[in-house]
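Here is the file start.cif (mmCIF, C-alpha atoms).
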data_protein
#
loop_
_atom_site.label_atom_id
_atom_site.label_comp_id
_atom_site.auth_asym_id
_atom_site.auth_seq_id
_atom_site.Cartn_x
_atom_site.Cartn_y
_atom_site.Cartn_z
CA MET A 166 -4.43 20.14 -11.27
CA ALA A 167 -4.42 23.78 -10.13
CA GLY A 168 -1.05 25.01 -8.88
CA VAL A 169 0.66 21.64 -9.26
CA PRO A 170 3.43 21.36 -11.88
CA VAL A 171 3.00 18.63 -14.49
CA PRO A 172 5.83 16.26 -13.36
CA LEU A 173 4.31 16.25 -9.88
CA GLU A 174 0.79 15.80 -11.21
CA ARG A 175 1.99 12.71 -13.07
CA VAL A 176 3.20 11.19 -9.78
CA ILE A 177 -0.11 12.09 -8.08
CA ASN A 178 -2.10 10.47 -10.90
CA GLU A 179 -0.08 7.26 -10.50
CA LEU A 180 -0.35 7.24 -6.71
CA VAL A 181 -4.15 7.61 -6.67
CA LYS A 182 -4.40 4.29 -8.53
CA LEU A 183 -3.21 2.57 -5.33
CA PRO A 184 -5.89 1.20 -2.98
CA GLY A 185 -6.74 3.48 -0.05
CA ILE A 186 -4.79 6.42 -1.52
CA GLY A 187 -7.07 9.35 -2.38
CA GLU A 188 -6.11 12.55 -4.14
CA LYS A 189 -5.29 14.33 -0.89
CA THR A 190 -2.95 11.61 0.37
CA ALA A 191 -1.38 11.26 -3.09
CA THR A 192 -0.71 15.01 -3.20
CA ARG A 193 0.82 14.95 0.28
CA LEU A 194 3.04 11.99 -0.64
CA ALA A 195 4.10 13.59 -3.93
CA PHE A 196 5.08 16.85 -2.25
CA HIS A 197 6.96 14.85 0.37
CA LEU A 198 8.87 13.08 -2.41
CA THR A 199 9.95 16.42 -3.91
CA ARG A 200 11.66 17.21 -0.59
CA ALA A 201 12.87 13.68 0.20
CA ASP A 202 16.39 12.38 -0.27
CA ARG A 203 16.98 11.75 -3.99
CA ASN A 204 18.31 8.26 -3.12
CA ASP A 205 15.05 7.38 -1.38
CA VAL A 206 12.98 8.37 -4.40
CA GLU A 207 15.25 6.44 -6.75
CA GLY A 208 15.29 3.52 -4.32
CA LEU A 209 11.50 3.35 -4.35
CA ALA A 210 11.30 3.63 -8.14
CA ASN A 211 13.98 1.02 -8.72
CA SER A 212 12.51 -1.42 -6.19
CA LEU A 213 9.20 -1.17 -8.07
CA LEU A 214 10.86 -1.77 -11.44
CA SER A 215 12.91 -4.75 -10.25
CA MET A 216 10.10 -6.32 -8.18
CA ARG A 217 8.12 -7.57 -11.14
CA GLU A 218 11.23 -8.96 -12.82
CA GLU A 219 12.43 -10.79 -9.73
CA LEU A 220 9.17 -12.31 -8.50
CA TYR A 221 8.30 -15.88 -9.47
CA THR A 222 5.39 -18.14 -8.68
CA CYS A 223 6.74 -21.08 -6.72
CA SER A 224 5.99 -24.24 -8.72
CA VAL A 225 5.39 -26.22 -5.52
CA CYS A 226 3.19 -23.98 -3.33
CA CYS A 227 2.15 -21.40 -5.96
CA ALA A 228 3.22 -18.53 -3.64
CA LEU A 229 4.97 -15.37 -4.79
CA ALA A 230 8.66 -15.97 -4.30
CA GLY A 231 12.09 -14.61 -4.99
CA ALA A 232 13.18 -18.03 -6.27
CA ASP A 233 11.59 -21.28 -7.51
CA PRO A 234 11.01 -23.36 -5.47
CA CYS A 235 10.51 -20.77 -2.74
CA GLU A 236 12.38 -20.38 0.52
CA LEU A 237 9.52 -21.87 2.54
CA CYS A 238 9.24 -24.97 0.34
CA CYS A 239 13.02 -25.50 0.60
CA ASP A 240 13.33 -24.99 4.37
CA PRO A 241 14.32 -28.41 5.84
CA ARG A 242 13.13 -27.41 9.34
CA ARG A 243 9.50 -27.22 8.22
CA SER A 244 7.20 -30.25 8.29
CA ASP A 245 6.13 -31.76 4.97
CA GLU A 246 3.20 -33.48 6.64
CA ILE A 247 1.02 -30.44 7.17
CA VAL A 248 -0.04 -27.91 4.54
CA CYS A 249 -1.85 -24.62 5.17
CA VAL A 250 -4.10 -23.60 2.25
CA VAL A 251 -4.56 -19.83 1.81
CA GLU A 252 -6.20 -17.60 -0.79
CA GLU A 253 -3.40 -15.17 -1.55
CA ALA A 254 0.32 -14.63 -0.98
CA ALA A 255 -0.57 -11.83 1.45
CA ASP A 256 -2.49 -14.37 3.59
CA LEU A 257 0.57 -16.63 3.64
CA ALA A 258 2.65 -13.70 4.93
CA ALA A 259 0.05 -13.04 7.66
CA VAL A 260 0.02 -16.68 8.85
CA GLU A 261 3.83 -16.71 8.74
CA ARG A 262 3.99 -13.53 10.85
CA SER A 263 1.79 -15.17 13.50
CA GLY A 264 4.64 -17.64 14.02
CA GLY A 265 2.15 -20.37 14.84
CA PHE A 266 2.76 -22.61 11.84
CA GLN A 267 5.78 -24.72 10.93
CA GLY A 268 4.46 -26.70 7.95
CA ARG A 269 4.23 -25.91 4.25
CA TYR A 270 1.80 -23.66 2.40
CA HIS A 271 -0.39 -23.80 -0.67
CA VAL A 272 -1.65 -20.59 -2.28
CA LEU A 273 -4.89 -20.99 -4.25
CA GLN A 274 -4.46 -17.55 -5.89
CA GLY A 275 -8.11 -16.66 -5.41
CA THR A 276 -11.47 -18.07 -4.35
CA LEU A 277 -14.36 -19.70 -6.15
CA SER A 278 -16.64 -16.94 -7.28
CA PRO A 279 -19.25 -18.07 -9.82
CA LEU A 280 -20.63 -14.52 -10.17
CA ASP A 281 -17.21 -13.33 -11.39
CA GLY A 282 -16.82 -16.43 -13.54
CA ILE A 283 -14.05 -17.90 -11.36
CA GLY A 284 -14.32 -21.68 -11.15
CA PRO A 285 -12.04 -24.43 -9.77
CA ASP A 286 -9.91 -24.42 -12.93
CA ASP A 287 -8.94 -20.78 -12.33
CA LEU A 288 -7.47 -21.62 -8.93
CA ARG A 289 -4.37 -23.67 -8.13
CA ILE A 290 -6.43 -26.64 -6.94
CA THR A 291 -5.02 -29.14 -9.46
CA GLU A 292 -1.53 -28.33 -8.12
CA LEU A 293 -2.76 -29.00 -4.56
CA VAL A 294 -4.28 -32.37 -5.48
CA ARG A 295 -1.01 -33.30 -7.26
CA ARG A 296 0.97 -32.45 -4.10
CA LEU A 297 -1.26 -34.73 -2.04
CA GLY A 298 -0.60 -37.57 -4.51
CA SER A 299 2.89 -38.20 -3.13
CA GLY A 300 1.38 -39.33 0.20
CA THR A 301 3.64 -37.31 2.52
CA VAL A 302 0.97 -34.73 3.42
CA ARG A 303 -1.21 -35.93 6.32
CA GLU A 304 -3.11 -32.78 7.28
CA LEU A 305 -4.54 -29.85 5.38
CA ILE A 306 -5.44 -26.66 7.28
CA ILE A 307 -7.79 -24.51 5.21
CA ALA A 308 -7.18 -20.86 6.04
CA THR A 309 -9.32 -19.12 3.41
CA ASN A 310 -11.16 -15.99 4.56
CA PRO A 311 -14.41 -16.35 6.55
CA THR A 312 -16.43 -14.84 3.68
CA ALA A 313 -19.03 -16.46 1.43
CA GLU A 314 -16.42 -17.12 -1.28
CA GLY A 315 -13.78 -18.25 1.23
CA GLU A 316 -16.20 -20.68 2.92
CA ALA A 317 -17.38 -22.08 -0.43
CA THR A 318 -13.78 -22.59 -1.51
CA ALA A 319 -12.92 -24.26 1.81
CA LEU A 320 -15.84 -26.67 1.39
CA TYR A 321 -14.91 -27.43 -2.21
CA VAL A 322 -11.27 -28.13 -1.34
CA ALA A 323 -12.28 -30.23 1.68
CA ASN A 324 -14.67 -32.40 -0.35
CA LEU A 325 -12.04 -32.89 -3.02
CA THR A 326 -9.14 -33.77 -0.71
CA LYS A 327 -10.74 -35.82 2.08
CA PRO A 328 -11.13 -38.91 -0.18
CA LEU A 329 -7.35 -38.76 -0.75
CA GLY A 330 -6.80 -39.79 2.87
CA VAL A 331 -5.74 -36.52 4.45
CA THR A 332 -7.18 -34.93 7.58
CA VAL A 333 -8.77 -31.64 6.58
CA SER A 334 -9.30 -28.87 9.15
CA ARG A 335 -10.55 -25.30 9.03
CA ILE A 336 -9.04 -22.45 11.06
CA ALA A 337 -11.23 -21.38 13.99
CA HIS A 338 -13.74 -18.57 13.62
CA GLY A 339 -14.78 -16.62 16.70
CA LEU A 340 -14.13 -13.44 18.64
CA PRO A 341 -10.83 -11.75 17.78
CA MET A 342 -8.41 -11.40 20.71
CA GLY A 343 -9.14 -8.14 22.54
CA GLY A 344 -12.65 -8.19 21.07
CA ASP A 345 -15.84 -7.41 22.91
CA VAL A 346 -18.77 -9.85 23.26
CA GLU A 347 -21.18 -6.91 23.50
CA TYR A 348 -20.14 -5.47 20.16
CA ALA A 349 -19.48 -8.69 18.25
CA ASP A 350 -21.66 -9.17 15.17
CA LEU A 351 -24.23 -11.97 15.21
CA ALA A 352 -22.42 -14.22 12.72
CA THR A 353 -19.14 -14.02 14.65
CA LEU A 354 -20.81 -14.65 18.00
CA GLY A 355 -22.73 -17.59 16.51
CA LYS A 356 -19.49 -19.10 15.21
CA ALA A 357 -17.79 -18.48 18.57
CA LEU A 358 -20.52 -20.39 20.42
CA GLU A 359 -20.57 -23.17 17.87
CA GLY A 360 -16.79 -23.56 18.04
CA ARG A 361 -16.57 -23.52 21.86
CA ARG A 362 -13.88 -25.69 23.46
CA GLU A 363 -13.88 -27.43 26.82
CA MET A 364 -11.48 -25.76 29.27
CA MET B 229 10.11 -10.23 6.81
CA ALA B 230 8.42 -13.59 7.44
CA GLY B 231 6.74 -15.08 4.40
CA VAL B 232 7.52 -12.10 2.15
CA PRO B 233 9.93 -12.65 -0.75
CA VAL B 234 12.95 -10.34 -0.88
CA PRO B 235 11.97 -8.26 -3.97
CA LEU B 236 8.64 -7.47 -2.30
CA GLU B 237 10.29 -6.73 1.04
CA ARG B 238 12.49 -4.19 -0.72
CA VAL B 239 9.38 -2.36 -1.99
CA ILE B 240 7.82 -2.49 1.50
CA ASN B 241 10.98 -1.05 3.07
CA GLU B 242 10.92 1.84 0.60
CA LEU B 243 7.18 2.50 1.06
CA VAL B 244 7.37 2.69 4.88
CA LYS B 245 9.72 5.67 4.50
CA LEU B 246 6.72 7.68 3.22
CA PRO B 247 4.81 9.79 5.78
CA GLY B 248 1.67 8.14 7.12
CA ILE B 249 2.52 4.75 5.60
CA GLY B 250 3.10 2.08 8.25
CA GLU B 251 4.31 -1.46 7.71
CA LYS B 252 0.77 -2.81 7.33
CA THR B 253 -0.24 -0.29 4.67
CA ALA B 254 3.11 -0.71 2.89
CA THR B 255 2.62 -4.49 2.80
CA ARG B 256 -0.92 -4.11 1.46
CA LEU B 257 0.25 -1.67 -1.23
CA ALA B 258 3.19 -3.89 -2.21
CA PHE B 259 0.97 -6.97 -2.59
CA HIS B 260 -1.45 -4.87 -4.61
CA LEU B 261 1.42 -3.85 -6.90
CA THR B 262 2.30 -7.51 -7.54
CA ARG B 263 -1.20 -8.01 -8.93
CA ALA B 264 -1.56 -4.61 -10.62
CA ASP B 265 -1.17 -3.93 -14.32
CA ARG B 266 2.53 -3.98 -15.19
CA ASN B 267 2.10 -0.64 -17.01
CA ASP B 268 0.77 0.96 -13.84
CA VAL B 269 3.76 -0.18 -11.79
CA GLU B 270 6.20 1.01 -14.46
CA GLY B 271 4.22 4.25 -14.82
CA LEU B 272 4.55 4.94 -11.10
CA ALA B 273 8.26 4.12 -11.06
CA ASN B 274 9.02 6.20 -14.14
CA SER B 275 6.98 9.17 -12.95
CA LEU B 276 9.05 9.12 -9.74
CA LEU B 277 12.33 8.95 -11.64
CA SER B 278 11.44 11.74 -14.06
CA MET B 279 9.84 14.01 -11.45
CA ARG B 280 13.09 15.07 -9.84
CA GLU B 281 14.71 15.71 -13.22
CA GLU B 282 11.82 17.80 -14.52
CA LEU B 283 11.09 19.98 -11.51
CA TYR B 284 12.60 23.45 -11.30
CA THR B 285 12.37 26.23 -8.75
CA CYS B 286 10.75 29.20 -10.45
CA SER B 287 13.22 32.08 -10.35
CA VAL B 288 10.39 34.60 -9.89
CA CYS B 289 8.09 33.09 -7.25
CA CYS B 290 10.38 30.31 -5.94
CA ALA B 291 7.61 27.71 -6.40
CA LEU B 292 8.16 24.17 -7.65
CA ALA B 293 7.48 24.26 -11.36
CA GLY B 294 7.69 22.33 -14.58
CA ALA B 295 9.38 25.30 -16.26
CA ASP B 296 11.18 28.52 -15.29
CA PRO B 297 9.50 30.97 -14.96
CA CYS B 298 6.49 28.92 -13.89
CA GLU B 299 3.07 28.74 -15.49
CA LEU B 300 1.50 30.94 -12.81
CA CYS B 301 4.13 33.68 -13.17
CA CYS B 302 3.65 33.67 -16.97
CA ASP B 303 -0.17 33.70 -16.98
CA PRO B 304 -1.19 37.11 -18.44
CA ARG B 305 -4.69 36.83 -16.90
CA ARG B 306 -3.33 37.06 -13.35
CA SER B 307 -2.82 40.37 -11.60
CA ASP B 308 0.77 41.51 -10.96
CA GLU B 309 -0.43 43.88 -8.26
CA ILE B 310 -1.20 41.34 -5.59
CA VAL B 311 1.12 38.60 -4.28
CA CYS B 312 0.18 35.76 -1.92
CA VAL B 313 3.09 34.66 0.28
CA VAL B 314 3.03 30.98 1.33
CA GLU B 315 5.40 28.66 3.18
CA GLU B 316 5.59 25.73 0.78
CA ALA B 317 4.67 24.74 -2.76
CA ALA B 318 1.92 22.51 -1.30
CA ASP B 319 0.33 25.59 0.29
CA LEU B 320 0.37 27.34 -3.09
CA ALA B 321 -1.48 24.38 -4.59
CA ALA B 322 -4.07 24.53 -1.78
CA VAL B 323 -4.72 28.27 -2.28
CA GLU B 324 -4.90 27.71 -6.03
CA ARG B 325 -7.45 24.89 -5.58
CA SER B 326 -9.66 27.24 -3.54
CA GLY B 327 -10.05 29.29 -6.74
CA GLY B 328 -10.28 32.48 -4.67
CA PHE B 329 -7.05 34.11 -5.77
CA GLN B 330 -6.08 35.58 -9.14
CA GLY B 331 -2.76 37.27 -8.34
CA ARG B 332 0.81 35.98 -8.18
CA TYR B 333 2.50 33.85 -5.51
CA HIS B 334 5.72 33.84 -3.56
CA VAL B 335 6.94 30.66 -1.87
CA LEU B 336 9.19 31.25 1.16
CA GLN B 337 10.30 27.60 1.19
CA GLY B 338 9.96 27.35 4.96
CA THR B 339 9.39 29.41 8.08
CA LEU B 340 11.62 31.18 10.56
CA SER B 341 12.54 28.64 13.20
CA PRO B 342 15.41 29.76 15.45
CA LEU B 343 15.36 26.45 17.35
CA ASP B 344 16.13 24.60 14.11
CA GLY B 345 18.63 27.25 13.10
CA ILE B 346 16.46 28.58 10.26
CA GLY B 347 16.83 32.35 9.93
CA PRO B 348 15.67 34.89 7.31
CA ASP B 349 18.63 34.08 5.03
CA ASP B 350 17.45 30.47 4.71
CA LEU B 351 14.08 31.58 3.31
CA ARG B 352 13.36 33.22 -0.03
CA ILE B 353 12.77 36.62 1.58
CA THR B 354 15.49 38.47 -0.37
CA GLU B 355 13.78 37.34 -3.58
CA LEU B 356 10.46 38.72 -2.29
CA VAL B 357 11.96 42.10 -1.41
CA ARG B 358 13.60 42.24 -4.84
CA ARG B 359 10.20 41.59 -6.48
CA LEU B 360 8.67 44.47 -4.55
CA GLY B 361 11.45 46.77 -5.79
CA SER B 362 9.90 47.05 -9.26
CA GLY B 363 6.89 48.90 -7.78
CA THR B 364 4.15 46.92 -9.55
CA VAL B 365 3.11 44.96 -6.45
CA ARG B 366 0.58 46.89 -4.36
CA GLU B 367 -0.66 44.27 -1.90
CA LEU B 368 0.92 41.32 -0.13
CA ILE B 369 -1.34 38.64 1.39
CA ILE B 370 0.59 36.60 3.93
CA ALA B 371 -0.79 33.04 3.99
CA THR B 372 1.73 31.28 6.23
CA ASN B 373 0.30 28.68 8.61
CA PRO B 374 -1.37 29.82 11.86
CA THR B 375 1.41 28.21 13.93
CA ALA B 376 4.06 29.87 16.11
CA GLU B 377 6.63 29.69 13.29
CA GLY B 378 4.12 30.78 10.65
CA GLU B 379 2.97 33.77 12.72
CA ALA B 380 6.55 34.82 13.47
CA THR B 381 7.41 34.59 9.78
CA ALA B 382 4.30 36.60 8.85
CA LEU B 383 5.28 39.34 11.30
CA TYR B 384 8.87 39.41 10.06
CA VAL B 385 7.82 39.66 6.41
CA ALA B 386 5.22 42.33 7.22
CA ASN B 387 7.72 44.50 9.12
CA LEU B 388 10.21 44.18 6.30
CA THR B 389 7.84 44.94 3.44
CA LYS B 390 5.49 47.62 4.84
CA PRO B 391 8.19 50.35 4.58
CA LEU B 392 8.43 49.51 0.87
CA GLY B 393 4.97 51.01 0.35
CA VAL B 394 2.85 47.86 -0.08
CA THR B 395 -0.35 47.03 1.77
CA VAL B 396 0.30 43.89 3.81
CA SER B 397 -2.58 41.67 4.94
CA ARG B 398 -2.85 38.34 6.76
CA ILE B 399 -5.39 35.64 5.81
CA ALA B 400 -8.25 35.36 8.32
CA HIS B 401 -8.10 32.93 11.22
CA GLY B 402 -11.32 31.64 12.70
CA LEU B 403 -13.74 28.74 12.72
CA PRO B 404 -13.39 26.46 9.71
CA MET B 405 -16.53 26.17 7.54
CA GLY B 406 -18.73 23.37 8.88
CA GLY B 407 -16.98 23.72 12.25
CA ASP B 408 -18.64 23.76 15.63
CA VAL B 409 -18.40 26.63 18.15
CA GLU B 410 -18.85 24.16 21.02
CA TYR B 411 -15.84 22.09 20.01
CA ALA B 412 -13.56 24.86 18.73
CA ASP B 413 -10.27 25.20 20.62
CA LEU B 414 -9.72 28.34 22.71
CA ALA B 415 -7.10 29.88 20.42
CA THR B 416 -9.29 29.46 17.32
CA LEU B 417 -12.38 30.85 19.08
CA GLY B 418 -10.33 33.78 20.40
CA LYS B 419 -9.11 34.56 16.88
CA ALA B 420 -12.66 34.19 15.52
CA LEU B 421 -13.99 36.76 18.00
CA GLU B 422 -11.09 39.11 17.43
CA GLY B 423 -11.51 38.92 13.66
CA ARG B 424 -15.32 39.43 13.66
CA ARG B 425 -16.82 41.34 10.73
CA GLU B 426 -19.89 43.54 10.66
CA MET B 427 -22.72 41.90 8.72
#

Could you show the structure in this file as structure tokens?
Amino acid sequence: MAGVPVPLERVINELVKLPGIGEKTATRLAFHLTRADRNDVEGLANSLLSMREELYTCSVCCALAGADPCELCCDPRRSDEIVCVVEEAADLAAVERSGGFQGRYHVLQGTLSPLDGIGPDDLRITELVRRLGSGTVRELIIATNPTAEGEATALYVANLTKPLGVTVSRIAHGLPMGGDVEYADLATLGKALEGRREM
Amino acid sequence: MAGVPVPLERVINELVKLPGIGEKTATRLAFHLTRADRNDVEGLANSLLSMREELYTCSVCCALAGADPCELCCDPRRSDEIVCVVEEAADLAAVERSGGFQGRYHVLQGTLSPLDGIGPDDLRITELVRRLGSGTVRELIIATNPTAEGEATALYVANLTKPLGVTVSRIAHGLPMGGDVEYADLATLGKALEGRREM
């Protein structure tokens, strides 16, 4: 790259591989790192190197975790009776941040996507069915994304688990808080009407 | 952080220190890195670690460089007679990308900023004056930013170097290409009128 020394160019080339980071942002970040505290740069590099070594997949909920079983599966204050099913570890973190859930989780690690060749065996569905076998789980909340793949996965999981005697629910779809009826897309508004609740 | 394992949280905490990266972006990037190719993650970490070791300040132009003197100062195709003075190494890279300059550079490594206690001795001005001493440089283009500090620095450098017998010029200020006269700010429009050229 013109006017950029090679060691810096190497950092830029690595940064642009990240999602949402273009060449301009990568260049800005790289130049910032040349001026930043040496400890900060080493801290970032070392946290990246150790992350992959120290992350496990929890054998109970299949989430990314610092230990196996994970902190959430071990927490005695959480209810064993209700399990929230999400697509990815990032979704688990989002639900957890909302503070509205005190049960356990199950991470599918993806969605059904026949076009990409991803079938039920590629997801952690067998592990979910095995968890339900013990009989302690009474409700399953399916919190996959409201996309075609997420809906298909939700339906598949619901059909598979309902016969096992658990209540299966789906998170509500509708207008986001602070949203605007006028500007809502048709699908969202349709779902909001369909899912109306008596007040 | 709720629902985020400690090794991942460590990465997020390091990423949010970067400019323009908030907690949400940092979390998204960190989760991406858990799924990314292990080589990419190690490549990023190692490029960060080696960058600081392999970057020098060029003893001629004071730019960040992979060697001393830097590639640009050693390039025999560039003219020694004209020197472009910039604030930071990132500015040098920007001018170089424009492809419109074939001379040498000088990086001041900052601007005069009395409020922050930055005076002429904190910048690489002595090095610039020393370069002019050899008599080969005939023109100086001052490409500091069009900010209060950048303008003050430009004026200071011009007053100091003109008596040494070099032509000193300032890059043009005016409407950016693709800009809009209607929406241009007053200062920019004023500078554009002032700097008009016969056509």

_Show me, as a ChimeraX atom specification, every residue of chain B with an atom at most 9 Å from chain A, counting only C-alpha atoms._
/B:229-236,238-239,241-243,245-248,253,255-262,266,268-283,292-295,298-300,317-318,320-325,327

*What does the distance between CA of Gln274 (chain A) and CA of Glu292 (chain A) come to in Å, to one decimal place?*
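The value is 11.4 Å.
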
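Applied to this file, the PyMOL selection byres ((chain B and resi 339-342) around 7) selects Glu315, Gly338, Leu343, Asp344, Gly345, Ile346, Gly347, Pro348, Glu377, Gly378, Ala380 and Thr381 of chain B.
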
Could you take the residues named above and write them with C-alpha atoms, as a PDB file, in the coordinates of the input?
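What ended up in result-v4.pdb:
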ATOM      1  CA  GLU B 315       5.400  28.660   3.180  1.00  0.00           C
ATOM      2  CA  GLY B 338       9.960  27.350   4.960  1.00  0.00           C
ATOM      3  CA  LEU B 343      15.360  26.450  17.350  1.00  0.00           C
ATOM      4  CA  ASP B 344      16.130  24.600  14.110  1.00  0.00           C
ATOM      5  CA  GLY B 345      18.630  27.250  13.100  1.00  0.00           C
ATOM      6  CA  ILE B 346      16.460  28.580  10.260  1.00  0.00           C
ATOM      7  CA  GLY B 347      16.830  32.350   9.930  1.00  0.00           C
ATOM      8  CA  PRO B 348      15.670  34.890   7.310  1.00  0.00           C
ATOM      9  CA  GLU B 377       6.630  29.690  13.290  1.00  0.00           C
ATOM     10  CA  GLY B 378       4.120  30.780  10.650  1.00  0.00           C
ATOM     11  CA  ALA B 380       6.550  34.820  13.470  1.00  0.00           C
ATOM     12  CA  THR B 381       7.410  34.590   9.780  1.00  0.00           C
TER      13      THR B 381
END

*Decode the PyMOL selection byres ((chain B and resi 313) around 6) for the given file into explicit residues and return them as a count of residues only.*
7

*Quick one: distance from CA of Arg303 (chain A) to CA of Val331 (chain A) in Å, one decimal?*
4.9 Å

*asked:* Between CA of Thr353 (chain A) and CA of Phe266 (chain A), what distance in Å does the model show, to one decimal?
replied: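 Result for CA of Thr353 (chain A) versus CA of Phe266 (chain A): 23.7 Å, one decimal.
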
Filled-in all heavy atoms of region 322-329 of chain A, supplied as a compact mmCIF listing (two decimals), in the coordinates of the input:
# COMPACT_ATOMS: atom_id res chain seq x y z
N VAL A 322 -12.59 -27.52 -1.49
CA VAL A 322 -11.27 -28.13 -1.34
C VAL A 322 -11.35 -29.32 -0.38
O VAL A 322 -10.74 -30.37 -0.62
CB VAL A 322 -10.23 -27.09 -0.85
CG1 VAL A 322 -8.92 -27.75 -0.47
CG2 VAL A 322 -9.99 -26.04 -1.93
N ALA A 323 -12.15 -29.15 0.70
CA ALA A 323 -12.28 -30.23 1.68
C ALA A 323 -12.90 -31.48 1.05
O ALA A 323 -12.40 -32.60 1.21
CB ALA A 323 -13.13 -29.76 2.86
N ASN A 324 -13.99 -31.27 0.29
CA ASN A 324 -14.67 -32.40 -0.35
C ASN A 324 -13.78 -33.12 -1.36
O ASN A 324 -13.89 -34.33 -1.55
CB ASN A 324 -15.95 -31.93 -1.06
CG ASN A 324 -17.03 -31.56 -0.06
OD1 ASN A 324 -16.99 -32.02 1.09
ND2 ASN A 324 -17.97 -30.72 -0.47
N LEU A 325 -12.90 -32.33 -1.99
CA LEU A 325 -12.04 -32.89 -3.02
C LEU A 325 -10.86 -33.65 -2.42
O LEU A 325 -10.38 -34.63 -3.00
CB LEU A 325 -11.51 -31.73 -3.88
CG LEU A 325 -10.96 -32.07 -5.25
CD1 LEU A 325 -12.12 -32.43 -6.19
CD2 LEU A 325 -10.18 -30.89 -5.82
N THR A 326 -10.39 -33.20 -1.24
CA THR A 326 -9.14 -33.77 -0.71
C THR A 326 -9.35 -34.85 0.35
O THR A 326 -8.49 -35.70 0.53
CB THR A 326 -8.27 -32.65 -0.11
OG1 THR A 326 -9.07 -31.87 0.80
CG2 THR A 326 -7.72 -31.73 -1.20
N LYS A 327 -10.49 -34.81 1.04
CA LYS A 327 -10.74 -35.82 2.08
C LYS A 327 -10.64 -37.25 1.54
O LYS A 327 -10.02 -38.11 2.18
CB LYS A 327 -12.11 -35.59 2.72
CG LYS A 327 -12.08 -34.70 3.95
CD LYS A 327 -13.43 -34.73 4.63
CE LYS A 327 -13.73 -33.46 5.36
NZ LYS A 327 -15.18 -33.31 5.63
N PRO A 328 -11.23 -37.54 0.35
CA PRO A 328 -11.13 -38.91 -0.18
C PRO A 328 -9.70 -39.36 -0.46
O PRO A 328 -9.44 -40.54 -0.63
CB PRO A 328 -11.92 -38.82 -1.50
CG PRO A 328 -12.78 -37.63 -1.38
CD PRO A 328 -12.04 -36.68 -0.52
N LEU A 329 -8.75 -38.40 -0.48
CA LEU A 329 -7.35 -38.76 -0.75
C LEU A 329 -6.62 -39.20 0.52
O LEU A 329 -5.42 -39.42 0.52
CB LEU A 329 -6.61 -37.57 -1.39
CG LEU A 329 -7.22 -37.03 -2.69
CD1 LEU A 329 -6.48 -35.77 -3.14
CD2 LEU A 329 -7.18 -38.09 -3.79
